[in-house]
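Pasting query-v8.cif here (mmCIF, C-alpha atoms):
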data_start
loop_
_atom_site.label_atom_id
_atom_site.label_comp_id
_atom_site.auth_asym_id
_atom_site.auth_seq_id
_atom_site.Cartn_x
_atom_site.Cartn_y
_atom_site.Cartn_z
CA MET E 1 0.00 0.00 0.00
CA ARG E 2 1.13 3.53 -0.82
CA TYR E 3 0.18 6.55 1.30
CA GLU E 4 -0.07 9.97 -0.37
CA SER E 5 -1.04 13.29 1.17
CA PRO E 6 -1.46 15.80 -1.67
CA VAL E 7 -1.91 19.49 -0.87
CA THR E 8 -4.22 20.38 -3.75
CA VAL E 9 -7.55 19.01 -4.95
CA LYS E 10 -6.06 18.66 -8.44
CA ASP E 11 -3.24 16.44 -7.21
CA ALA E 12 -5.65 14.33 -5.15
CA VAL E 13 -7.87 13.80 -8.19
CA ALA E 14 -4.86 12.93 -10.37
CA LEU E 15 -3.62 10.36 -7.84
CA LEU E 16 -7.06 8.74 -7.53
CA ALA E 17 -7.70 8.82 -11.29
CA LYS E 18 -4.45 7.28 -12.45
CA GLU E 19 -4.21 4.53 -9.81
CA LYS E 20 -4.64 1.15 -11.48
CA GLY E 21 -5.18 -0.73 -8.23
CA LYS E 22 -7.66 -0.06 -5.44
CA ALA E 23 -7.56 3.56 -4.32
CA PHE E 24 -9.32 4.97 -1.26
CA VAL E 25 -9.78 8.46 0.13
CA LEU E 26 -8.71 8.96 3.74
CA ALA E 27 -10.44 11.74 5.69
CA GLY E 28 -11.26 10.68 9.26
CA GLY E 29 -10.43 7.05 8.57
CA THR E 30 -12.89 5.72 11.16
CA ASP E 31 -14.46 3.38 8.60
CA LEU E 32 -11.50 2.89 6.24
CA LEU E 33 -8.99 1.82 8.89
CA VAL E 34 -11.48 -0.54 10.53
CA LYS E 35 -12.16 -2.22 7.18
CA MET E 36 -8.44 -2.46 6.46
CA LYS E 37 -7.84 -4.02 9.87
CA ALA E 38 -10.64 -6.54 9.27
CA GLY E 39 -9.17 -7.44 5.88
CA MET E 40 -12.34 -6.30 4.09
CA LEU E 41 -10.32 -3.79 2.08
CA GLU E 42 -6.78 -4.03 0.82
CA PRO E 43 -5.93 -0.66 -0.68
CA ASP E 44 -3.08 -0.20 -3.14
CA LEU E 45 -3.26 3.54 -2.57
CA VAL E 46 -4.64 5.68 0.24
CA VAL E 47 -5.01 9.39 -0.52
CA ASP E 48 -5.15 11.46 2.66
CA ILE E 49 -7.07 14.66 1.82
CA LYS E 50 -6.47 16.39 5.16
CA ARG E 51 -3.44 18.36 3.96
CA ILE E 52 -5.45 20.10 1.25
CA LYS E 53 -6.05 23.71 2.26
CA GLY E 54 -9.56 24.44 3.53
CA MET E 55 -10.55 20.77 3.65
CA ALA E 56 -11.39 20.99 7.37
CA ASP E 57 -12.99 24.47 7.28
CA ILE E 58 -16.58 25.41 8.03
CA LYS E 59 -17.33 28.48 5.93
CA LYS E 60 -20.35 30.73 6.06
CA THR E 61 -21.22 31.53 2.44
CA VAL E 62 -23.87 33.69 0.72
CA SER E 63 -25.97 30.60 0.19
CA GLY E 64 -25.46 29.00 3.62
CA PHE E 65 -22.56 26.91 4.87
CA SER E 66 -19.79 25.01 3.17
CA ILE E 67 -18.26 22.25 5.27
CA GLY E 68 -14.93 20.82 4.11
CA ALA E 69 -14.94 17.06 3.58
CA ALA E 70 -12.30 16.46 6.26
CA THR E 71 -14.03 18.48 8.99
CA PRO E 72 -14.29 16.22 12.04
CA CYS E 73 -17.80 15.92 13.47
CA ALA E 74 -16.48 17.14 16.84
CA ALA E 75 -15.79 20.54 15.21
CA LEU E 76 -19.41 21.05 14.14
CA ASP E 77 -20.93 21.92 17.52
CA GLU E 78 -18.05 24.33 18.17
CA ASN E 79 -19.39 26.50 15.35
CA ALA E 80 -22.13 28.61 16.96
CA ALA E 81 -23.63 29.83 13.67
CA LEU E 82 -23.88 26.30 12.25
CA MET E 83 -25.33 25.00 15.50
CA LYS E 84 -27.94 27.75 15.48
CA ALA E 85 -28.93 27.22 11.84
CA TRP E 86 -28.85 23.40 11.62
CA PRO E 87 -29.06 21.87 15.10
CA GLY E 88 -30.57 18.65 13.71
CA VAL E 89 -27.63 18.09 11.36
CA VAL E 90 -25.09 18.77 14.09
CA GLU E 91 -26.88 16.52 16.58
CA ALA E 92 -27.02 13.72 14.01
CA ALA E 93 -23.29 14.00 13.28
CA ASN E 94 -22.55 13.97 16.98
CA LEU E 95 -24.36 10.66 17.44
CA ILE E 96 -21.77 8.87 15.31
CA GLY E 97 -19.59 6.62 17.46
CA SER E 98 -17.78 7.84 20.56
CA LYS E 99 -16.06 11.15 21.36
CA GLN E 100 -12.89 9.49 20.08
CA VAL E 101 -14.55 8.63 16.77
CA GLN E 102 -16.17 12.08 16.53
CA GLY E 103 -12.71 13.63 16.88
CA ARG E 104 -11.88 12.14 13.48
CA CYS E 105 -15.00 11.07 11.61
CA THR E 106 -16.54 13.31 8.95
CA MET E 107 -20.01 13.75 7.45
CA ALA E 108 -18.56 13.28 3.95
CA GLY E 109 -17.06 9.97 5.09
CA ASN E 110 -20.32 8.97 6.74
CA LEU E 111 -22.04 9.62 3.39
CA CYS E 112 -19.43 7.82 1.25
CA ASN E 113 -19.26 4.80 3.56
CA ALA E 114 -22.83 4.41 2.29
CA SER E 115 -24.32 2.60 5.24
CA PRO E 116 -28.13 2.92 5.17
CA ALA E 117 -27.91 3.55 8.93
CA ALA E 118 -25.46 6.48 8.68
CA ASP E 119 -26.64 9.03 11.24
CA SER E 120 -25.72 12.27 9.50
CA VAL E 121 -27.28 11.34 6.15
CA PRO E 122 -31.06 11.60 6.84
CA ALA E 123 -30.44 14.91 8.62
CA LEU E 124 -28.44 16.23 5.64
CA ILE E 125 -31.11 15.05 3.20
CA ALA E 126 -33.85 16.72 5.25
CA ALA E 127 -31.78 19.91 5.30
CA GLY E 128 -31.51 19.86 1.50
CA ALA E 129 -27.73 19.58 1.58
CA LYS E 130 -25.64 19.12 -1.55
CA VAL E 131 -22.09 17.92 -2.06
CA THR E 132 -19.41 19.34 -4.31
CA ILE E 133 -17.53 16.53 -6.01
CA ALA E 134 -14.08 17.05 -7.50
CA GLY E 135 -13.01 14.76 -10.31
CA PRO E 136 -10.99 14.40 -13.52
CA LYS E 137 -13.68 16.29 -15.47
CA GLY E 138 -13.87 19.15 -12.99
CA LYS E 139 -16.42 19.77 -10.30
CA ARG E 140 -20.04 18.76 -10.06
CA LYS E 141 -22.77 19.00 -7.47
CA LEU E 142 -25.07 16.27 -6.29
CA ALA E 143 -27.91 16.25 -3.76
CA VAL E 144 -26.96 14.21 -0.71
CA GLU E 145 -29.79 11.73 -1.38
CA ASP E 146 -28.27 11.00 -4.81
CA VAL E 147 -24.81 10.06 -3.46
CA PRO E 148 -25.46 6.55 -2.06
CA ALA E 149 -26.19 3.93 -4.74
CA GLY E 150 -26.72 1.01 -2.37
CA VAL E 151 -25.20 -0.55 0.70
CA GLY E 152 -21.51 0.42 0.62
CA ARG E 153 -21.79 1.87 -2.91
CA THR E 154 -21.91 5.48 -4.11
CA ASN E 155 -22.52 7.26 -7.41
CA LEU E 156 -19.02 8.72 -7.37
CA LYS E 157 -16.91 7.78 -10.39
CA LYS E 158 -13.26 6.81 -10.54
CA GLY E 159 -11.03 9.70 -9.56
CA GLU E 160 -13.83 11.59 -7.86
CA PHE E 161 -14.13 12.55 -4.21
CA ILE E 162 -16.37 14.81 -2.15
CA GLU E 163 -14.65 18.11 -1.51
CA SER E 164 -17.32 19.80 0.61
CA ILE E 165 -20.91 19.65 1.80
CA GLN E 166 -23.18 22.66 1.26
CA LEU E 167 -25.99 23.39 3.66
CA PRO E 168 -28.49 26.00 2.50
CA LYS E 169 -29.11 29.21 4.37
CA LYS E 170 -31.61 28.59 7.15
CA ALA E 171 -35.02 29.97 6.14
CA ALA E 172 -36.86 32.27 8.54
CA LYS E 173 -39.20 30.35 10.87
CA SER E 174 -37.67 26.99 10.02
CA GLY E 175 -36.26 24.20 12.14
CA ASP E 176 -34.68 20.78 11.76
CA ALA E 177 -34.36 17.72 13.96
CA TYR E 178 -32.96 14.20 13.82
CA LEU E 179 -33.89 11.21 15.95
CA ARG E 180 -32.81 7.61 15.86
CA PHE E 181 -33.85 4.48 17.69
CA ILE E 182 -31.13 2.41 19.32
CA PRO E 183 -31.64 -0.18 22.06
CA ARG E 184 -29.15 1.62 24.31
CA THR E 185 -28.39 5.27 25.03
CA GLU E 186 -25.06 5.77 23.23
CA MET E 187 -22.48 4.15 20.94
CA ASP E 188 -24.79 2.20 18.70
CA ILE E 189 -25.98 2.03 15.11
CA ALA E 190 -29.44 3.30 14.18
CA VAL E 191 -32.16 0.65 13.92
CA VAL E 192 -34.40 3.34 12.40
CA SER E 193 -33.74 7.06 12.06
CA CYS E 194 -35.54 10.14 10.83
CA GLY E 195 -34.59 13.70 9.89
CA VAL E 196 -37.19 16.46 9.49
CA ASN E 197 -36.73 20.02 8.29
CA LEU E 198 -39.71 22.34 8.03
CA THR E 199 -40.70 25.99 7.60
CA ILE E 200 -43.83 27.62 8.99
CA ASP E 201 -45.67 30.86 8.26
CA GLY E 202 -46.80 33.52 10.75
CA LYS E 203 -49.84 31.45 11.69
CA GLY E 204 -47.85 28.31 12.41
CA VAL E 205 -48.87 26.55 9.20
CA VAL E 206 -46.15 24.36 7.67
CA THR E 207 -45.27 25.78 4.25
CA LYS E 208 -42.27 23.61 3.36
CA ALA E 209 -40.99 20.30 4.66
CA ARG E 210 -38.50 17.57 3.94
CA VAL E 211 -38.60 14.22 5.71
CA ALA E 212 -35.86 11.59 5.39
CA LEU E 213 -35.57 8.10 6.85
CA GLY E 214 -32.49 6.02 7.59
CA ALA E 215 -31.92 2.27 8.12
CA VAL E 216 -35.23 1.24 6.52
CA ALA E 217 -34.01 0.64 2.93
CA ILE E 218 -30.74 0.09 1.06
CA THR E 219 -30.11 3.84 1.16
CA ALA E 220 -31.48 6.70 3.25
CA LEU E 221 -34.81 7.82 1.76
CA LEU E 222 -36.28 11.22 1.01
CA VAL E 223 -39.99 10.64 1.68
CA LYS E 224 -41.98 13.20 -0.28
CA ASP E 225 -45.37 11.82 0.80
CA ALA E 226 -44.39 12.32 4.43
CA ALA E 227 -43.57 15.97 3.72
CA LYS E 228 -46.87 16.41 1.86
CA ALA E 229 -48.72 15.03 4.88
CA ILE E 230 -47.71 17.99 7.03
CA ILE E 231 -47.51 20.84 4.50
CA GLY E 232 -50.53 23.10 4.96
CA THR E 233 -51.19 21.88 8.50
CA LYS E 234 -50.39 23.19 11.96
CA LEU E 235 -49.01 19.75 12.80
CA ASP E 236 -52.22 18.71 14.49
CA ASP E 237 -52.77 15.09 15.54
CA ALA E 238 -54.44 14.14 12.27
CA ALA E 239 -51.48 15.53 10.27
CA LEU E 240 -49.03 13.70 12.52
CA ASP E 241 -50.91 10.44 11.99
CA THR E 242 -50.84 10.93 8.21
CA LEU E 243 -47.13 11.73 8.46
CA ALA E 244 -46.48 8.56 10.44
CA ALA E 245 -48.46 6.45 7.97
CA ALA E 246 -46.56 7.94 5.01
CA ALA E 247 -43.20 7.34 6.71
CA SER E 248 -44.10 3.73 7.53
CA ALA E 249 -45.38 3.18 3.98
CA ALA E 250 -42.01 4.23 2.53
CA CYS E 251 -40.06 1.64 4.53
CA LYS E 252 -38.48 -1.36 2.83
CA PRO E 253 -36.41 -2.61 5.75
CA ILE E 254 -34.64 -5.85 6.48
CA ASP E 255 -35.18 -8.24 9.36
CA ASP E 256 -32.08 -8.60 11.48
CA LYS E 257 -31.02 -9.08 15.06
CA ARG E 258 -31.37 -5.36 15.76
CA GLY E 259 -34.93 -4.99 14.52
CA THR E 260 -37.67 -6.79 12.63
CA ILE E 261 -39.38 -5.45 9.51
CA GLU E 262 -42.56 -4.78 11.51
CA PHE E 263 -40.69 -2.99 14.29
CA ARG E 264 -38.68 -0.79 11.92
CA THR E 265 -41.77 0.10 9.89
CA GLU E 266 -43.74 1.16 12.94
CA VAL E 267 -40.90 3.01 14.64
CA ALA E 268 -40.21 5.00 11.45
CA GLY E 269 -43.65 6.55 11.84
CA VAL E 270 -43.16 7.21 15.55
CA LEU E 271 -39.79 8.89 14.99
CA ALA E 272 -41.16 10.97 12.12
CA LYS E 273 -43.87 12.35 14.43
CA ARG E 274 -41.44 13.10 17.23
CA ALA E 275 -38.81 14.68 14.96
CA ALA E 276 -41.47 16.79 13.26
CA LYS E 277 -42.65 18.10 16.64
CA ILE E 278 -39.09 19.09 17.60
CA ALA E 279 -38.50 20.74 14.22
CA TYR E 280 -41.82 22.58 14.55
CA ALA E 281 -40.91 23.91 17.99
CA ARG E 282 -37.49 24.97 16.70
CA ALA E 283 -39.21 26.82 13.87
CA GLY E 284 -41.10 28.79 16.52
CA GLY E 285 -44.39 26.89 16.19
CA LYS E 286 -46.55 26.32 19.23
CA MET L 287 8.46 1.48 1.46
CA ALA L 288 8.96 3.04 4.87
CA LEU L 289 7.92 6.65 5.33
CA LEU L 290 9.82 9.19 7.41
CA VAL L 291 7.66 11.15 9.80
CA SER L 292 8.56 14.16 11.91
CA THR L 293 6.10 14.98 14.67
CA THR L 294 5.71 16.32 18.20
CA ILE L 295 4.78 14.00 21.05
CA ASN L 296 4.17 15.42 24.54
CA GLY L 297 6.08 18.53 23.51
CA ASP L 298 9.15 16.67 22.22
CA LYS L 299 10.20 16.53 18.57
CA VAL L 300 10.13 12.92 17.45
CA GLU L 301 11.17 11.35 14.16
CA TYR L 302 10.36 7.84 13.09
CA ALA L 303 10.07 5.63 10.05
CA CYS L 304 6.91 3.56 9.59
CA GLN L 305 5.09 1.49 7.00
CA PRO L 306 2.24 3.25 5.11
CA ASP L 307 -0.42 0.99 6.62
CA GLU L 308 0.93 1.00 10.17
CA SER L 309 -1.37 2.46 12.83
CA LEU L 310 -0.27 5.26 15.11
CA LEU L 311 -0.90 2.87 18.01
CA ASP L 312 1.61 0.39 16.60
CA VAL L 313 4.12 3.19 16.01
CA LEU L 314 3.75 4.40 19.60
CA ARG L 315 4.04 0.96 21.14
CA ASN L 316 6.42 -0.90 18.87
CA ARG L 317 8.69 1.82 17.51
CA LEU L 318 8.72 4.53 20.17
CA GLY L 319 8.38 2.46 23.35
CA LEU L 320 5.34 4.47 24.45
CA THR L 321 3.28 1.57 25.73
CA GLY L 322 0.75 3.54 27.77
CA ALA L 323 -1.81 3.41 24.96
CA LYS L 324 -3.19 -0.15 24.89
CA GLU L 325 -4.66 -2.18 22.07
CA GLY L 326 -8.03 -3.44 23.29
CA CYS L 327 -9.95 -3.91 20.06
CA GLY L 328 -7.97 -2.20 17.31
CA THR L 329 -11.21 -0.97 15.75
CA GLY L 330 -12.08 2.17 17.70
CA ASP L 331 -14.63 0.58 20.00
CA CYS L 332 -12.89 0.34 23.37
CA GLY L 333 -10.92 3.59 23.75
CA ALA L 334 -7.92 1.92 25.43
CA CYS L 335 -5.60 3.52 22.85
CA SER L 336 -6.99 7.07 23.30
CA VAL L 337 -4.63 9.96 22.59
CA ILE L 338 -5.15 13.66 21.97
CA LEU L 339 -4.17 14.61 18.41
CA ASP L 340 -3.97 18.33 17.62
CA GLY L 341 -6.28 18.94 20.56
CA ARG L 342 -8.84 16.28 19.65
CA LEU L 343 -9.45 13.03 21.46
CA THR L 344 -9.02 10.09 19.11
CA CYS L 345 -8.25 6.39 19.05
CA SER L 346 -4.65 5.92 17.96
CA CYS L 347 -5.67 2.61 16.34
CA LEU L 348 -7.77 4.64 13.87
CA VAL L 349 -4.89 6.89 12.77
CA LEU L 350 -2.05 5.95 10.44
CA GLY L 351 1.45 6.64 11.68
CA ALA L 352 2.03 8.19 8.25
CA GLU L 353 -0.55 10.92 8.94
CA MET L 354 1.41 12.36 11.85
CA ASP L 355 3.92 14.56 10.02
CA GLY L 356 3.88 18.04 11.59
CA LYS L 357 1.16 17.12 14.08
CA SER L 358 1.09 17.50 17.83
CA LEU L 359 0.23 14.48 19.94
CA GLU L 360 -0.47 14.05 23.64
CA THR L 361 -0.24 10.58 25.15
CA ILE L 362 -0.66 9.32 28.71
CA GLU L 363 3.13 9.43 29.11
CA GLY L 364 2.94 13.24 29.09
CA MET L 365 0.17 13.60 31.65
CA ALA L 366 2.17 13.63 34.88
CA ASP L 367 4.65 16.44 35.48
CA GLY L 368 7.73 14.38 36.27
CA ALA L 369 6.98 12.57 39.54
CA ALA L 370 3.95 14.79 40.24
CA LEU L 371 0.76 13.09 39.12
CA HIS L 372 -1.94 15.03 37.30
CA PRO L 373 -5.05 15.62 39.49
CA LEU L 374 -6.95 13.12 37.31
CA GLN L 375 -4.34 10.43 37.94
CA LYS L 376 -4.32 11.17 41.65
CA ASN L 377 -8.10 11.02 41.88
CA PHE L 378 -8.23 7.75 39.94
CA ILE L 379 -5.97 6.28 42.63
CA ASP L 380 -7.83 7.93 45.54
CA HIS L 381 -11.22 6.77 44.26
CA ALA L 382 -9.98 3.29 43.31
CA ALA L 383 -11.13 4.01 39.75
CA LEU L 384 -9.05 1.17 38.36
CA GLN L 385 -8.47 -2.49 38.93
CA CYS L 386 -6.54 -4.26 36.19
CA GLY L 387 -5.47 -0.92 34.69
CA ILE L 388 -5.63 -1.77 30.99
CA CYS L 389 -8.34 0.80 30.27
CA THR L 390 -6.94 3.46 32.61
CA PRO L 391 -4.65 5.40 30.23
CA GLY L 392 -7.51 5.69 27.76
CA PHE L 393 -9.96 6.84 30.42
CA LEU L 394 -7.48 9.43 31.66
CA MET L 395 -6.96 10.86 28.17
CA ALA L 396 -10.71 10.93 27.53
CA ALA L 397 -11.36 12.57 30.89
CA GLN L 398 -8.63 15.12 30.15
CA ALA L 399 -10.25 16.00 26.81
CA LEU L 400 -13.70 16.16 28.42
CA LEU L 401 -12.64 18.54 31.21
CA ARG L 402 -10.84 20.82 28.76
CA LYS L 403 -13.97 21.19 26.65
CA ASN L 404 -16.38 21.20 29.59
CA PRO L 405 -14.75 22.05 32.95
CA ASP L 406 -18.03 21.64 34.82
CA PRO L 407 -19.67 18.48 33.46
CA SER L 408 -22.78 16.89 34.94
CA GLU L 409 -22.72 13.19 35.76
CA VAL L 410 -24.65 12.50 32.55
CA GLU L 411 -22.14 14.53 30.54
CA ILE L 412 -19.27 12.60 32.11
CA ARG L 413 -20.93 9.28 31.32
CA PHE L 414 -21.57 10.31 27.71
CA GLY L 415 -18.08 11.83 27.44
CA LEU L 416 -16.52 8.55 28.53
CA ALA L 417 -18.89 6.28 26.60
CA GLY L 418 -16.13 5.47 24.12
CA ASN L 419 -14.02 3.86 26.83
CA LEU L 420 -14.78 0.36 28.05
CA CYS L 421 -13.84 -0.96 31.49
CA ARG L 422 -14.62 -4.53 32.49
CA CYS L 423 -13.59 -4.20 36.17
CA THR L 424 -14.89 -1.11 37.91
CA GLY L 425 -18.50 -0.77 36.78
CA TYR L 426 -17.69 2.87 35.88
CA ASP L 427 -19.06 4.50 39.06
CA LYS L 428 -15.67 5.00 40.64
CA ILE L 429 -14.30 6.41 37.38
CA VAL L 430 -17.17 8.90 37.17
CA ARG L 431 -16.58 9.92 40.79
CA ALA L 432 -12.86 10.41 40.18
CA VAL L 433 -13.63 12.71 37.24
CA GLN L 434 -16.22 14.64 39.28
CA ALA L 435 -13.70 15.11 42.10
CA THR L 436 -11.09 16.33 39.63
CA ALA L 437 -13.50 18.81 38.06
CA THR L 438 -14.29 20.24 41.51
CA GLU L 439 -10.61 20.37 42.42
CA LEU L 440 -9.61 22.13 39.20
CA LYS L 441 -12.44 24.66 39.57
CA LEU L 442 -11.35 25.49 43.14
CA ALA L 443 -7.72 25.78 42.05
CA LYS L 444 -8.75 28.14 39.23
CA ARG L 445 -10.81 30.28 41.62
CA SER L 446 -7.99 30.67 44.11
CA ALA L 447 -5.41 31.34 41.38
#
As structure tokens, the full file:
Amino acid sequence: MRYESPVTVKDAVALLAKEKGKAFVLAGGTDLLVKMKAGMLEPDLVVDIKRIKGMADIKKTVSGFSIGAATPCAALDENAALMKAWPGVVEAANLIGSKQVQGRCTMAGNLCNASPAADSVPALIAAGAKVTIAGPKGKRKLAVEDVPAGVGRTNLKKGEFIESIQLPKKAAKSGDAYLRFIPRTEMDIAVVSCGVNLTIDGKGVVTKARVALGAVAITALLVKDAAKAIIGTKLDDAALDTLAAAASAACKPIDDKRGTIEFRTEVAGVLAKRAAKIAYARAGGK
Amino acid sequence: MALLVSTTINGDKVEYACQPDESLLDVLRNRLGLTGAKEGCGTGDCGACSVILDGRLTCSCLVLGAEMDGKSLETIEGMADGAALHPLQKNFIDHAALQCGICTPGFLMAAQALLRKNPDPSEVEIRFGLAGNLCRCTGYDKIVRAVQATATELKLAKRSA
């Protein structure tokens, strides 16, 4: 295995593009090194992107925030503006692993590892986040929900890597939230998870919403019917029930030791209700 | 091919050669004789290899030795000031917060990082802050109490300073 630590995006792309063997990007390494240790991956080349300038920066931009791909999750809640605008995204990222893991792990890595149970992904999808991908043909943008292609697979092509994640500017009277179910209180992988982001008007009526589910299909899902269920409502009990039904209807989960199909399907609805209530309160709704 | 790395560990300049796929934990233990960090799991689950890298708590088993060029690392070996134990170390002894001792260096590094970020943690915050460290002997209560006692002690010291 070769280890390279280029200082420009261009050099990183060139290294990844011309490698004939198996090449992997190293940001936090909390998935990559574990897989190497387990013998699941045997890289010929590892490209460490952390020496590229700005790769671990959180920038406030005209359109919102740009978060460098190598920004450790532990740095997110230290940014007061980001925390204020997107508390659900930050909370989701800070549910990944332990403090030790959060000191290294990144949201871009969480996304590219492409686990359906990745905690930051439903929150990012709900927030309407996009990624900037650098590659041999230049840069392109992709919605977060379009990055995973399946379990452990992404839509990134050879030579490409995520350079940054863009979160939109927080709309007035909007709020986001993320909840997951785990059988313990900490250090576990989501059995079901849900991210909600919504905007209300002066009367408390939901005008916009995005609802995303994790761990109930081969990738995290953007559930448009769940959003429709609450748009135009004040999140009354009937709307919450419709939301829960829409969330459950979107589930295509597996049965495993951590949760049955029935359990995951039902809990998806419960979490959607609860996350929507938190998001609604954060938006200023009563 | 071995890589040459120049880094800072506990304030000292250190140079070493390592293989590209060698973990920082293996470099510390096998090349530098710093055996305080332990290998419990090797996959970032147990926290026994915890170190503080550029100010952030991390598992040294999840870092490549090759990544360390120009970085600043704190390990358990740098916690005491010569023969004088750090208040955390002293309180771990006073509260019997260890039995076999394998997890102790990791707990101390994690507690150090926790108190730097949050000098006045609640019991819940301590338990969450140390959730990445596993101990099979103590049942955690004594460890939590040792960290609480240290937080109180450091606050009092700061007030009188």
Subject >> Selection result of the PyMOL selection byres ((chain E) within 8 of (chain L)) on this file, as a ChimeraX atom specification >> reply: /E:1-3,29-30,33-34,37,48,97-104,186-187
Original post:
If you count all atoms listed in the file, which residues fall within 12 Å of Pro168 (chain E), apart from same-chain ones fewer than 4 positions away, as a PyMOL selection string?
Top reply: chain E and resi 59-67+82+85-86+89+124-131+143+174+197
Result set, the PyMOL selection byres ((chain E and resi 201-212) around 8) on current file, as an mmCIF file with C-alpha atoms, in the frame of the given file:
data_model
loop_
_atom_site.group_PDB
_atom_site.id
_atom_site.type_symbol
_atom_site.label_atom_id
_atom_site.label_comp_id
_atom_site.auth_asym_id
_atom_site.auth_seq_id
_atom_site.Cartn_x
_atom_site.Cartn_y
_atom_site.Cartn_z
ATOM 1 C CA PRO E 122 -31.060 11.600 6.840
ATOM 2 C CA ALA E 123 -30.440 14.910 8.620
ATOM 3 C CA ILE E 125 -31.110 15.050 3.200
ATOM 4 C CA ALA E 126 -33.850 16.720 5.250
ATOM 5 C CA ALA E 127 -31.780 19.910 5.300
ATOM 6 C CA GLY E 128 -31.510 19.860 1.500
ATOM 7 C CA LYS E 173 -39.200 30.350 10.870
ATOM 8 C CA CYS E 194 -35.540 10.140 10.830
ATOM 9 C CA GLY E 195 -34.590 13.700 9.890
ATOM 10 C CA VAL E 196 -37.190 16.460 9.490
ATOM 11 C CA ASN E 197 -36.730 20.020 8.290
ATOM 12 C CA LEU E 198 -39.710 22.340 8.030
ATOM 13 C CA THR E 199 -40.700 25.990 7.600
ATOM 14 C CA ILE E 200 -43.830 27.620 8.990
ATOM 15 C CA LEU E 213 -35.570 8.100 6.850
ATOM 16 C CA GLY E 214 -32.490 6.020 7.590
ATOM 17 C CA ALA E 220 -31.480 6.700 3.250
ATOM 18 C CA LEU E 221 -34.810 7.820 1.760
ATOM 19 C CA LEU E 222 -36.280 11.220 1.010
ATOM 20 C CA VAL E 223 -39.990 10.640 1.680
ATOM 21 C CA LYS E 224 -41.980 13.200 -0.280
ATOM 22 C CA ALA E 226 -44.390 12.320 4.430
ATOM 23 C CA ALA E 227 -43.570 15.970 3.720
ATOM 24 C CA LYS E 228 -46.870 16.410 1.860
ATOM 25 C CA ILE E 230 -47.710 17.990 7.030
ATOM 26 C CA ILE E 231 -47.510 20.840 4.500
ATOM 27 C CA GLY E 232 -50.530 23.100 4.960
ATOM 28 C CA THR E 233 -51.190 21.880 8.500
ATOM 29 C CA LYS E 234 -50.390 23.190 11.960
ATOM 30 C CA LEU E 235 -49.010 19.750 12.800
ATOM 31 C CA ALA E 272 -41.160 10.970 12.120
ATOM 32 C CA GLY E 284 -41.100 28.790 16.520
ATOM 33 C CA GLY E 285 -44.390 26.890 16.190
ATOM 34 C CA LYS E 286 -46.550 26.320 19.230
#
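The coordinates place CA of Ala149 (chain E) at 23.4 Å from CA of Thr260 (chain E).
Here the PyMOL selection byres ((chain L and resi 313-316) around 10) catches exactly these residues: Ile295, Tyr302, Ala303, Cys304, Gln305, Glu308, Ser309, Leu310, Leu311, Asp312, Arg317, Leu318, Gly319, Leu320, Thr321, Gly322, Ala323, Lys324, Glu325, Cys335, Ser346, Cys347, Leu350, Gly351, Ala352 and Thr361 of chain L.
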**OP:** Take the point (-29.0, 22.0, 17.6) in the file's coordinates, draw a sphere of radius 12 Å around it, and report as a list in words every protein, DNA or RNA residue with an atom inside or on it, counting all atoms listed in the file.
**Re:** Leu76, Asp77, Glu78, Asn79, Ala80, Ala81, Leu82, Met83, Lys84, Ala85, Trp86, Pro87, Gly88, Val89, Val90, Glu91, Ala92, Ala93, Asn94, Ala123, Gly175, Asp176, Ala177, Tyr178, Leu179, Ile278, Ala279, Arg282 and Ala283 of chain E
Original post:
Using all atoms listed in the file, which residues sit within 8 Å of Leu374 (chain L) once same-chain residues fewer than 6 positions away are excluded, as a PyMOL selection string?
Top reply: chain L and resi 394+397-398+432-433+436
Original post:
When you draw a straight line from CA of Gly297 (chain L) to CA of Ser358 (chain L), how long is it in Å?
Top reply: 7.6 Å
Original post:
Distance CA of Val25 (chain E)-CA of Ser193 (chain E), one decimal place?
Top reply: 26.8 Å
Original post:
Hey, which of E:Leu240, E:Ala281, E:Ile49, E:Ala245 ends up closest to Glu163 (chain E)? Count all atoms listed in the file.
Top reply: E:Ile49
**OP:** Extract, using all atoms listed in the file, all DNA, RNA and protein residues at most 8 Å from Glu4 (chain E), discarding same-chain residues fewer than 5 positions from it, and format them as a list of chain:residue names.
**Re:** E:Leu45, E:Val46, E:Val47, E:Asp48
Subject >> Neighbour list for region 384-390 of chain L as a PyMOL selection string, cut-off 7 Å, all atoms listed in the file, skip fewer than 6 positions in-chain >> reply: chain L and resi 324+334+378+420-421+423-424
For Asn296 (chain L), find every residue with an atom within 9 Å (counting only C-alpha atoms), except residues of its own chain fewer than 3 positions away, and show them as a PDB file with C-alpha atoms, in the coordinates of the input.
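The result, stored in result_36.pdb:
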ATOM      1  CA  LYS L 299      10.200  16.530  18.570  1.00  0.00           C
ATOM      2  CA  SER L 358       1.090  17.500  17.830  1.00  0.00           C
ATOM      3  CA  LEU L 359       0.230  14.480  19.940  1.00  0.00           C
ATOM      4  CA  GLU L 360      -0.470  14.050  23.640  1.00  0.00           C
ATOM      5  CA  THR L 361      -0.240  10.580  25.150  1.00  0.00           C
ATOM      6  CA  ILE L 362      -0.660   9.320  28.710  1.00  0.00           C
ATOM      7  CA  GLU L 363       3.130   9.430  29.110  1.00  0.00           C
ATOM      8  CA  GLY L 364       2.940  13.240  29.090  1.00  0.00           C
ATOM      9  CA  MET L 365       0.170  13.600  31.650  1.00  0.00           C
TER      10      MET L 365
END
